[in-house]
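> Please read through the structure below; I'll follow up with questions.
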Amino acid sequence: MNTRAKIFVVDNFIWFINVGLYLLFIILVPTGFLTLHNVEFILYVSSMIGFLVLGEALALITGGMDLSLAENAGLSAVVGGFIIGVMASGLPGWVGVIIVLATGTALGAVNGILVGKLRYNPFLATLGTFLVFDWGTFWIRRGAIVRLPASFLAPGSATVGGVHIAIFIFLAMAILLHFILRYTRFGVRTYASGDNPRAATMMGINVGNTLFWIYTLCGLLAGFSGLMYVGYIGVVTSLIAQNQVFNAMAGAVLGGISLRGGRGSIMGALGGVVLLGILDAGLTMLNVSPEIRGVLTGLVLLVAVMINMVTARLRDRILMPSSGQD
Amino acid sequence: MTAKRTIAVAAVVVTLLALTLGLVVTSYADSAPQPVMINGHQMFLGLAAHAVRCSWEDLYVKAFNWYCADNGIRSTWTEAGYDTATQITQAKRLIDMGVDGLIISPWDVKALAVVMDYAKAHNVPVICTNTVVDSDYPLMFVGFGQKQAGEQLAQSIVDHLRNNVDPVGEVKGTILELSSGPGTSEDVMRGGGFHEIVDQYPGIKVITQVAHSNRDEAKTATMNVIRGGAKIDAVFAQNGSMALGANAGLKDAPGITPKDVYIATVDAFPEICDEIGEGNIDIAVDQTPAFYNPIAVYYMVKYLQEGPSALPDYGQKLTAEDLPIDTGIQHMGLDPWETPMWAPGTIRHMTDFSSDITHDYRWFQTNAVVVTKDNYDSPLLWGNFPLPGW
Amino acid sequence: MVNTLENGIPLLAAERIEKWYGKIHALRGIDVVIHPGEALALIGDNGAGKSTFAKIVAGVEQKTSGRLLWKGKEVDISSIKQARNLGIETVYQEQALAPQLTVMQNIFLGRTETKFGILGILDNKKMAEAARRVLDELGLAVGVNQEVRFCSGGEQQGVAVARAILFKANLVILDEPTRALSTRGVERILQFIRSMKNEGIAVILISHVFPQIFPITDRFMFMSRGQVIAEKRREETSPEDLSRMIIQKTA
């Protein structure tokens with residue numbers, strides 16, 4: 001196998017695991033796993049948490065983290081739902097969609113200012129905003145907001161030819177982010193900021209500015225996640241996406257994103273999302289009890305971290321030049 | 001990386017993978033006797049529980065599995081960890097897996113309507129237990145009313161004031177009401193039922209304190225009320241934690257004999273049962289989690305076999321003879337259905353249940369269990385049920 | 001190959017530079033002059049003020065008083081960016097590289113070539129070609145898409161030097177360039193410095209181990225306690241002479 005093929009396998013190992021896991025569940029689950037509908041449903045359900053995984057991946061690549069991501073999704077959804085469903089119920093649904101995305105982005109920008117401009121430690125900054133967003137949600141609304149316009153729910157609920165558009169929106173976003181990180185100046189700055197912020201600063205990269213935009217982007221992704229949740233459950237509740245942040249982090253880590261920053265890819269994160277989705281579907285359909293399921297999910301995470309370490313070493317070995325050493 | 005290290009890493013990976021697989025395989029093994037058949041296959045029912053995080057919920061789910069197993073029905077279940085989106089996903093998955101009927105304890109009264117639409121589209125009948133959904137699709141809801149619990153406790157306090165508090169024969173006295181807070185479901189439902197009764201008696205004075213379902217706050221509030229000079233004859237606590245707090249407050253307050261104060265509360269978890277045994281708390285009403293799902297499964301089976309005529313009529317009163325759900329089989333050393341604690345049941349309209357419900361369907365209102373010194377140690381109370389691990 | 005600008009004006013002239021860190025007098029009014037294509041070594045003990053002076057020129061630190069003349073005009077170097085705009089580059093041994101980025105990405109770090117305007121799409125082809133050309137010039141066999149963490153210490157400095165050449169720096173500051181390098185690595189650094197001098201780039205070397213850099217240095221400035229104590233051209237001295245001088249002055 002030539003180097004290129006080896007690197008391809010190593011870099012996309014998560015997808016081989018996904019295929020293997022899916023095949024395993026086809027064997028174990030008596031009926032219903034090997035259907036297009038099941039694949040569609042796994043992807044549909046994954047799109048909600050998927051946006052959070054993408055956001056967490058971005059934050060992790062810059063060497064930080066965003067603990068407030070899931071709560072941002074919840075608060076954005078409640079703000080949008082409250083305006084469109086309670087305060088100004090005459091407004092068309094698409095205005096609500098924009099409000100949710102704008103709120104998510106604005107809340108993300110708050111993190112961006114704290115981390116990027118005021119130099120807060122990302123953990124502490126987003127721990128603070130996590131609490132603010134979480135309780136802010138309840139402050140605005142306890143309980144459900146019903147009677148929402150269909151167009152407000154559409155991004156997370158509408159289908160085209162039997163496939164939920166949420167899947168297309170999610171995949172399009174993943175591809176866009178992949179492109180931004182790989183093929184734009186902003187992407188290089190993002191990786192450089194996570195890899196060696198000192199070097200990046202010395203070379204004239206405005207690391208604070210880069211972080212500001214990354215956390216703002218995280219907020220936009222949280223807004224998308226909020227929209228997906230709202231469409232999925234059909235109402236706005238004050239508990240949307242609550243406490244999903246560790247699942248989001250698990251997804252990103254499963255996909256090979258390093259907590260040390262500077263390493264990881266969006267395609268890997270996408271693989272992590274799909275892995276979580278397959279695992280959840282398979283364990284549900286296998287009637288695995290919740291305790292065992294929780295333990296299993298944790299074990300899978302540990303195994304994945306181990307696999308990531310092994311593949312990273314393999315990758316190093318493949319790429320290590322044999323000449324040129326002083 | 002040395003060869004030794006590679007081997008160590010590989011060993012860890014293999015061990016974890018083996019553990020993972022082993023757990024999957026062991027968890028996936030069960031069998032059932034005497035299958036109930038429908039359309040050429042064994043009847044298959046699913047339960048989408050809102051969560052299994054306490055012994056109450058554990059018994060609620062176990063009773064479903066036991067009852068199905070005893071009756072030759074294949075069953076599966078999920079638990080959503082108090083998360084609405086998760087419960088929707090899980091319920092849809094159960095439907096995708098081809099369950100013949102779905103039992104669910106909806107975690108969100110409005111949001112789970114999505115699942116009702118999905119079930120309707122797939123022609124899967126649904127019965128709700130424990131909690132409700134606002135949709136016209138379910139066949140039935142099985143549960144007792146939180147409001148009725150408040151009414152029942154209020155009545156017991158009224159009786160206590162009439163029979164044991166001077167002047168005997170008259171309903172006169174002061175009640176401390178510990179509230180979970182305005183707008184909470186406990187305040188609206190349990191507190192509402194309580195007030196519906198006590199407000200009819202002009203001789204009763206109610207002092208309401210908000211303690212946010214919290215033991216410490218209830219203790220502080222109780223002591224403050226007593227320090228303020230009020231003579232309290234009875235306490236109505238909207239939940240068990242606040243009853244324990246009131247009890248602690250009475251013990252610490254000067255010039256009070258705690259056992260003289262009548263304490264009534266909703267919830268009979270183990271600690272409450274103990275306090276009732278000690279004579280510190282006088283009465284608790286609670287639900288019958290071991291019965292909800294067996295009742296639901298009983299009607300689901302009948303419905304699947306006989307059609308809509310199998311369902312009870314509105315207004316019908318049901319006794320233990322009408323509903324033979326005791327299988328006589330022991331589970332964890334007990335027959336959980338030996339005493340029909342749920343009886344009598346009444347078929348009411350869901351629109352009576354709460355103002356949240358705008359669509360009507362049957363409400364199988366079970367009886368609430370009253371726990372007093374006479375029965376506080378009954379092993380059939382969920383608080384005493386010998387569940388392993390709790 | 002030492003050139004002078006028109007009328008003999010030096011590339012950089014630092015006059016009476018003073019630096020105070022609180023109560024510490026780090027630089028006590030030093031004068032330094034450097035011409036294009038010249039290699040100037042600042043030698044001396046720790047705390048002599050060599051690095052402080054280099055940081056002031058690089059825009060990392062600010063002088064307390066004194067004047068900096070760039071090509072004869074007084075300038076204010078208040079940031080790294082300003083220094084870079086003048087054409088002053090600093091090569092640190094490790095800090096200025098992102099190890100997980102490629103050689104090419106590191107060479108272009110902060111100065112990425114893009115196309116399609118504000119979209120900022122990377123022009124990888126253009127960057128790869130330019131990077132390859134400079135690396136070949138420097139005799140570096142590393143691949144442009146190799147991650148920098150796989151490069152040896154000498155190669156990593158080569159990447160930094162490639163930056164300086166590619167972006168037409170006028171003055172390059174090398175901070176302890178030979179530290180922690182093998183003999184072969186040191187050879188390579190000396191080659192880089194020769195290449196830069198040939199390009200007309202002025203080089204300031206900060207070093208403890210001046211014998212290693214002796215062959216390519218044009219002028220030595222010996223510093224001690226914030227002052228320039230002696231200045232010698234290479235022709236006037238030898239490594240042994242310099243060692244003797246340091247031992248005497250610091251004793």
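Residues in the structure tokens are numbered from 1 in each chain, the chains being A, B, ... in the order shown, and ligands are numbered from 1 in the order shown.
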I'd like the contact shell of stretch 133-149 of chain C - 8 Å cut-off, only C-alpha atoms, skipping same-chain residues fewer than 3 positions apart - returned as a short mmCIF file (atom, residue, chain, number, x, y, z; two decimals) with N, CA and C atoms, in the first residue's frame.

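This went into around-v7.cif:
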```cif
data_model
loop_
_atom_site.label_atom_id
_atom_site.label_comp_id
_atom_site.auth_asym_id
_atom_site.auth_seq_id
_atom_site.Cartn_x
_atom_site.Cartn_y
_atom_site.Cartn_z
N LEU A 319 4.48 9.15 8.13
CA LEU A 319 4.91 10.44 7.59
C LEU A 319 6.34 10.81 7.95
N GLY A 324 17.04 13.51 6.10
CA GLY A 324 16.90 14.91 6.50
C GLY A 324 17.07 15.11 7.97
N LEU C 97 7.13 28.54 15.27
CA LEU C 97 6.62 27.57 14.31
C LEU C 97 5.41 26.85 14.90
N ALA C 98 4.47 26.52 14.04
CA ALA C 98 3.33 25.72 14.46
C ALA C 98 3.64 24.28 14.06
N PRO C 99 3.99 23.42 15.02
CA PRO C 99 4.55 22.11 14.69
C PRO C 99 3.63 21.22 13.87
N GLN C 100 2.31 21.38 14.03
CA GLN C 100 1.41 20.47 13.32
C GLN C 100 1.02 21.00 11.94
N LEU C 101 1.48 22.20 11.63
CA LEU C 101 1.22 22.72 10.29
C LEU C 101 2.39 22.33 9.38
N THR C 102 2.16 22.41 8.08
CA THR C 102 3.19 21.97 7.14
C THR C 102 4.27 23.04 7.00
N VAL C 103 5.35 22.64 6.38
CA VAL C 103 6.45 23.55 6.11
C VAL C 103 5.95 24.76 5.33
N MET C 104 5.15 24.49 4.32
CA MET C 104 4.64 25.58 3.50
C MET C 104 3.75 26.51 4.32
N ASN C 106 3.82 27.03 7.42
CA ASN C 106 4.63 27.79 8.37
C ASN C 106 5.38 28.92 7.68
N ALA C 128 3.15 26.70 -2.79
CA ALA C 128 4.03 25.53 -2.86
C ALA C 128 5.21 25.82 -3.78
N GLU C 129 4.93 26.45 -4.90
CA GLU C 129 6.02 26.75 -5.85
C GLU C 129 7.04 27.68 -5.22
N ALA C 130 6.55 28.75 -4.60
CA ALA C 130 7.45 29.73 -3.99
C ALA C 130 8.26 29.08 -2.87
N SER C 152 14.06 18.43 11.60
CA SER C 152 15.10 18.53 12.62
C SER C 152 15.22 19.98 13.04
N GLU C 155 16.53 22.15 10.30
CA GLU C 155 15.52 22.34 9.24
C GLU C 155 14.45 23.33 9.67
N GLN C 156 14.09 23.25 10.98
CA GLN C 156 13.06 24.17 11.48
C GLN C 156 13.54 25.62 11.36
N GLY C 158 15.64 26.56 9.22
CA GLY C 158 15.65 26.80 7.78
C GLY C 158 14.30 27.30 7.31
N VAL C 159 13.23 26.74 7.90
CA VAL C 159 11.88 27.17 7.53
C VAL C 159 11.72 28.65 7.88
N ALA C 162 13.70 30.71 5.54
CA ALA C 162 13.01 30.76 4.26
C ALA C 162 11.97 31.87 4.25
N ILE C 165 13.77 35.18 3.68
CA ILE C 165 14.22 35.40 2.31
C ILE C 165 13.04 35.64 1.39
N LEU C 166 12.01 34.79 1.57
CA LEU C 166 10.85 34.88 0.69
C LEU C 166 10.18 36.24 0.78
N GLN C 191 25.32 28.00 6.59
CA GLN C 191 25.00 28.10 5.16
C GLN C 191 23.83 29.06 4.94
N PHE C 192 22.83 28.95 5.83
CA PHE C 192 21.67 29.86 5.71
C PHE C 192 22.13 31.30 5.82
N SER C 195 23.74 32.47 2.80
CA SER C 195 22.74 32.72 1.76
C SER C 195 22.10 34.09 1.96
#
```
> If you count only C-alpha atoms, which residues fall within 9 Å of A:Ile257, apart from same-chain ones fewer than 6 positions away, as an MDAnalysis selection string?
chainID A and resid 57 60:61 263:266 268:269 308
> Can you list, as a PDB file with all heavy atoms, in the first residue's frame, every protein, DNA or RNA residue that comes within 12 Å of A:Gly298 when you count only C-alpha atoms, leaving out same-chain residues fewer than 5 positions away?

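The new file out32.pdb reads:
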```pdb
ATOM      1  N   PHE A 246     -21.570  17.351  26.903  1.00  0.00           N
ATOM      2  CA  PHE A 246     -20.560  16.298  27.025  1.00  0.00           C
ATOM      3  C   PHE A 246     -20.718  15.270  25.916  1.00  0.00           C
ATOM      4  O   PHE A 246     -19.735  14.700  25.457  1.00  0.00           O
ATOM      5  CB  PHE A 246     -20.603  15.666  28.415  1.00  0.00           C
ATOM      6  CG  PHE A 246     -20.073  16.615  29.441  1.00  0.00           C
ATOM      7  CD1 PHE A 246     -20.915  17.219  30.348  1.00  0.00           C
ATOM      8  CD2 PHE A 246     -18.728  16.948  29.451  1.00  0.00           C
ATOM      9  CE1 PHE A 246     -20.421  18.128  31.269  1.00  0.00           C
ATOM     10  CE2 PHE A 246     -18.225  17.857  30.363  1.00  0.00           C
ATOM     11  CZ  PHE A 246     -19.080  18.447  31.281  1.00  0.00           C
ATOM     12  N   ASN A 247     -21.949  15.050  25.483  1.00  0.00           N
ATOM     13  CA  ASN A 247     -22.139  14.195  24.311  1.00  0.00           C
ATOM     14  C   ASN A 247     -21.484  14.824  23.092  1.00  0.00           C
ATOM     15  O   ASN A 247     -20.890  14.138  22.267  1.00  0.00           O
ATOM     16  CB  ASN A 247     -23.629  13.975  24.047  1.00  0.00           C
ATOM     17  CG  ASN A 247     -24.242  13.056  25.078  1.00  0.00           C
ATOM     18  OD1 ASN A 247     -23.539  12.246  25.676  1.00  0.00           O
ATOM     19  ND2 ASN A 247     -25.528  13.195  25.306  1.00  0.00           N
ATOM     20  N   ALA A 250     -17.894  14.293  23.403  1.00  0.00           N
ATOM     21  CA  ALA A 250     -17.597  12.890  23.112  1.00  0.00           C
ATOM     22  C   ALA A 250     -17.580  12.659  21.606  1.00  0.00           C
ATOM     23  O   ALA A 250     -16.680  11.995  21.089  1.00  0.00           O
ATOM     24  CB  ALA A 250     -18.628  11.988  23.787  1.00  0.00           C
ATOM     25  N   GLY A 251     -18.548  13.226  20.915  1.00  0.00           N
ATOM     26  CA  GLY A 251     -18.619  13.065  19.459  1.00  0.00           C
ATOM     27  C   GLY A 251     -17.363  13.586  18.781  1.00  0.00           C
ATOM     28  O   GLY A 251     -16.785  12.935  17.913  1.00  0.00           O
ATOM     29  N   LEU A 254     -14.429  11.315  19.671  1.00  0.00           N
ATOM     30  CA  LEU A 254     -14.546  10.059  18.912  1.00  0.00           C
ATOM     31  C   LEU A 254     -14.008  10.260  17.505  1.00  0.00           C
ATOM     32  O   LEU A 254     -13.409   9.371  16.913  1.00  0.00           O
ATOM     33  CB  LEU A 254     -16.012   9.620  18.812  1.00  0.00           C
ATOM     34  CG  LEU A 254     -16.654   8.973  20.033  1.00  0.00           C
ATOM     35  CD1 LEU A 254     -18.142   8.790  19.797  1.00  0.00           C
ATOM     36  CD2 LEU A 254     -16.010   7.634  20.327  1.00  0.00           C
ATOM     37  N   LEU A 276     -21.916   7.988  17.199  1.00  0.00           N
ATOM     38  CA  LEU A 276     -22.854   8.143  18.312  1.00  0.00           C
ATOM     39  C   LEU A 276     -24.264   7.736  17.892  1.00  0.00           C
ATOM     40  O   LEU A 276     -24.982   7.073  18.634  1.00  0.00           O
ATOM     41  CB  LEU A 276     -22.887   9.604  18.789  1.00  0.00           C
ATOM     42  CG  LEU A 276     -21.736  10.120  19.650  1.00  0.00           C
ATOM     43  CD1 LEU A 276     -21.988  11.578  20.016  1.00  0.00           C
ATOM     44  CD2 LEU A 276     -21.589   9.290  20.915  1.00  0.00           C
ATOM     45  N   LEU A 279     -24.544   3.924  17.433  1.00  0.00           N
ATOM     46  CA  LEU A 279     -24.476   3.284  18.746  1.00  0.00           C
ATOM     47  C   LEU A 279     -25.827   3.426  19.463  1.00  0.00           C
ATOM     48  O   LEU A 279     -26.364   2.460  20.022  1.00  0.00           O
ATOM     49  CB  LEU A 279     -23.376   3.971  19.551  1.00  0.00           C
ATOM     50  CG  LEU A 279     -22.755   3.204  20.695  1.00  0.00           C
ATOM     51  CD1 LEU A 279     -22.162   1.904  20.205  1.00  0.00           C
ATOM     52  CD2 LEU A 279     -21.695   4.053  21.376  1.00  0.00           C
ATOM     53  N   GLU A 291     -28.273   1.316  32.268  1.00  0.00           N
ATOM     54  CA  GLU A 291     -26.993   1.322  32.976  1.00  0.00           C
ATOM     55  C   GLU A 291     -25.900   0.769  32.064  1.00  0.00           C
ATOM     56  O   GLU A 291     -24.841   1.376  31.890  1.00  0.00           O
ATOM     57  CB  GLU A 291     -27.023   0.440  34.230  1.00  0.00           C
ATOM     58  CG  GLU A 291     -28.203   0.636  35.151  1.00  0.00           C
ATOM     59  CD  GLU A 291     -29.407  -0.190  34.759  1.00  0.00           C
ATOM     60  OE1 GLU A 291     -29.324  -1.421  34.790  1.00  0.00           O
ATOM     61  OE2 GLU A 291     -30.440   0.400  34.404  1.00  0.00           O
ATOM     62  N   ILE A 292     -26.194  -0.391  31.467  1.00  0.00           N
ATOM     63  CA  ILE A 292     -25.204  -1.045  30.615  1.00  0.00           C
ATOM     64  C   ILE A 292     -24.877  -0.144  29.432  1.00  0.00           C
ATOM     65  O   ILE A 292     -23.740  -0.010  29.013  1.00  0.00           O
ATOM     66  CB  ILE A 292     -25.734  -2.411  30.136  1.00  0.00           C
ATOM     67  CG1 ILE A 292     -25.828  -3.332  31.351  1.00  0.00           C
ATOM     68  CG2 ILE A 292     -24.838  -3.010  29.077  1.00  0.00           C
ATOM     69  CD1 ILE A 292     -26.387  -4.688  31.051  1.00  0.00           C
ATOM     70  N   ARG A 293     -25.933   0.553  28.958  1.00  0.00           N
ATOM     71  CA  ARG A 293     -25.755   1.430  27.830  1.00  0.00           C
ATOM     72  C   ARG A 293     -24.811   2.582  28.133  1.00  0.00           C
ATOM     73  O   ARG A 293     -23.923   2.910  27.352  1.00  0.00           O
ATOM     74  CB  ARG A 293     -27.111   2.015  27.548  1.00  0.00           C
ATOM     75  CG  ARG A 293     -27.324   2.262  26.165  1.00  0.00           C
ATOM     76  CD  ARG A 293     -28.764   2.411  26.127  1.00  0.00           C
ATOM     77  NE  ARG A 293     -28.944   3.564  25.326  1.00  0.00           N
ATOM     78  CZ  ARG A 293     -30.008   3.731  24.588  1.00  0.00           C
ATOM     79  NH1 ARG A 293     -30.980   2.876  24.682  1.00  0.00           N
ATOM     80  NH2 ARG A 293     -30.097   4.733  23.835  1.00  0.00           N
ATOM     81  N   VAL A 303     -12.256   3.311  24.158  1.00  0.00           N
ATOM     82  CA  VAL A 303     -11.652   2.553  23.061  1.00  0.00           C
ATOM     83  C   VAL A 303     -11.296   3.491  21.912  1.00  0.00           C
ATOM     84  O   VAL A 303     -10.204   3.420  21.335  1.00  0.00           O
ATOM     85  CB  VAL A 303     -12.619   1.444  22.568  1.00  0.00           C
ATOM     86  CG1 VAL A 303     -12.103   0.829  21.277  1.00  0.00           C
ATOM     87  CG2 VAL A 303     -12.776   0.374  23.631  1.00  0.00           C
ATOM     88  N   ALA A 304     -12.216   4.428  21.630  1.00  0.00           N
ATOM     89  CA  ALA A 304     -11.983   5.342  20.513  1.00  0.00           C
ATOM     90  C   ALA A 304     -10.768   6.218  20.769  1.00  0.00           C
ATOM     91  O   ALA A 304      -9.960   6.462  19.874  1.00  0.00           O
ATOM     92  CB  ALA A 304     -13.219   6.206  20.279  1.00  0.00           C
ATOM     93  N   VAL A 305     -10.634   6.672  22.025  1.00  0.00           N
ATOM     94  CA  VAL A 305      -9.470   7.504  22.350  1.00  0.00           C
ATOM     95  C   VAL A 305      -8.189   6.707  22.141  1.00  0.00           C
ATOM     96  O   VAL A 305      -7.208   7.191  21.579  1.00  0.00           O
ATOM     97  CB  VAL A 305      -9.573   8.030  23.798  1.00  0.00           C
ATOM     98  CG1 VAL A 305      -8.265   8.675  24.219  1.00  0.00           C
ATOM     99  CG2 VAL A 305     -10.716   9.019  23.916  1.00  0.00           C
TER     100      VAL A 305
ATOM    101  N   LEU B  16     -10.945  -3.837  26.040  1.00  0.00           N
ATOM    102  CA  LEU B  16     -12.108  -2.960  26.079  1.00  0.00           C
ATOM    103  C   LEU B  16     -13.151  -3.375  25.050  1.00  0.00           C
ATOM    104  O   LEU B  16     -14.341  -3.390  25.322  1.00  0.00           O
ATOM    105  CB  LEU B  16     -11.684  -1.501  25.852  1.00  0.00           C
ATOM    106  CG  LEU B  16     -10.915  -0.855  27.017  1.00  0.00           C
ATOM    107  CD1 LEU B  16     -10.458   0.559  26.659  1.00  0.00           C
ATOM    108  CD2 LEU B  16     -11.776  -0.795  28.269  1.00  0.00           C
ATOM    109  N   LEU B  17     -12.669  -3.747  23.859  1.00  0.00           N
ATOM    110  CA  LEU B  17     -13.602  -4.191  22.822  1.00  0.00           C
ATOM    111  C   LEU B  17     -14.334  -5.458  23.261  1.00  0.00           C
ATOM    112  O   LEU B  17     -15.538  -5.587  23.082  1.00  0.00           O
ATOM    113  CB  LEU B  17     -12.856  -4.456  21.515  1.00  0.00           C
ATOM    114  CG  LEU B  17     -12.612  -3.236  20.624  1.00  0.00           C
ATOM    115  CD1 LEU B  17     -11.716  -3.603  19.449  1.00  0.00           C
ATOM    116  CD2 LEU B  17     -13.941  -2.682  20.112  1.00  0.00           C
ATOM    117  N   LEU B  19     -14.893  -6.448  26.309  1.00  0.00           N
ATOM    118  CA  LEU B  19     -15.846  -6.065  27.349  1.00  0.00           C
ATOM    119  C   LEU B  19     -17.117  -5.509  26.726  1.00  0.00           C
ATOM    120  O   LEU B  19     -18.232  -5.877  27.089  1.00  0.00           O
ATOM    121  CB  LEU B  19     -15.243  -4.974  28.226  1.00  0.00           C
ATOM    122  CG  LEU B  19     -14.668  -5.411  29.570  1.00  0.00           C
ATOM    123  CD1 LEU B  19     -13.942  -4.255  30.221  1.00  0.00           C
ATOM    124  CD2 LEU B  19     -15.804  -5.897  30.469  1.00  0.00           C
ATOM    125  N   THR B  20     -16.915  -4.618  25.748  1.00  0.00           N
ATOM    126  CA  THR B  20     -18.030  -3.986  25.054  1.00  0.00           C
ATOM    127  C   THR B  20     -18.947  -5.035  24.451  1.00  0.00           C
ATOM    128  O   THR B  20     -20.155  -5.046  24.669  1.00  0.00           O
ATOM    129  CB  THR B  20     -17.484  -3.076  23.941  1.00  0.00           C
ATOM    130  OG1 THR B  20     -16.476  -2.253  24.497  1.00  0.00           O
ATOM    131  CG2 THR B  20     -18.566  -2.223  23.347  1.00  0.00           C
TER     132      THR B  20
END
```
> Rounded to one decimal place, report the atom CA of C:Phe53-atom CA of C:Thr217 distance in Å.
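Interatomic distance here is 18.3 Å.
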> If we count only C-alpha atoms and set the cut-off at 6 Å, which residues sit around B:Thr174, ignoring sequence neighbours fewer than 3 positions away in its own chain? Please answer as a count of residues only.
5
> Fewer than 3 positions away in the same chain doesn't count, so skip those; otherwise give me all residues within 12 Å of A:Leu69, counting only C-alpha atoms, as an MDAnalysis selection string.
chainID A and resid 49:59 65:66 72:76 104:105 107:111 123 125:134 215:226 240:249
> Which of these residues is nearest to chain A, using only C-alpha atoms: B:Asn71, B:Thr265, B:Ser55, B:Thr76?
B:Thr76
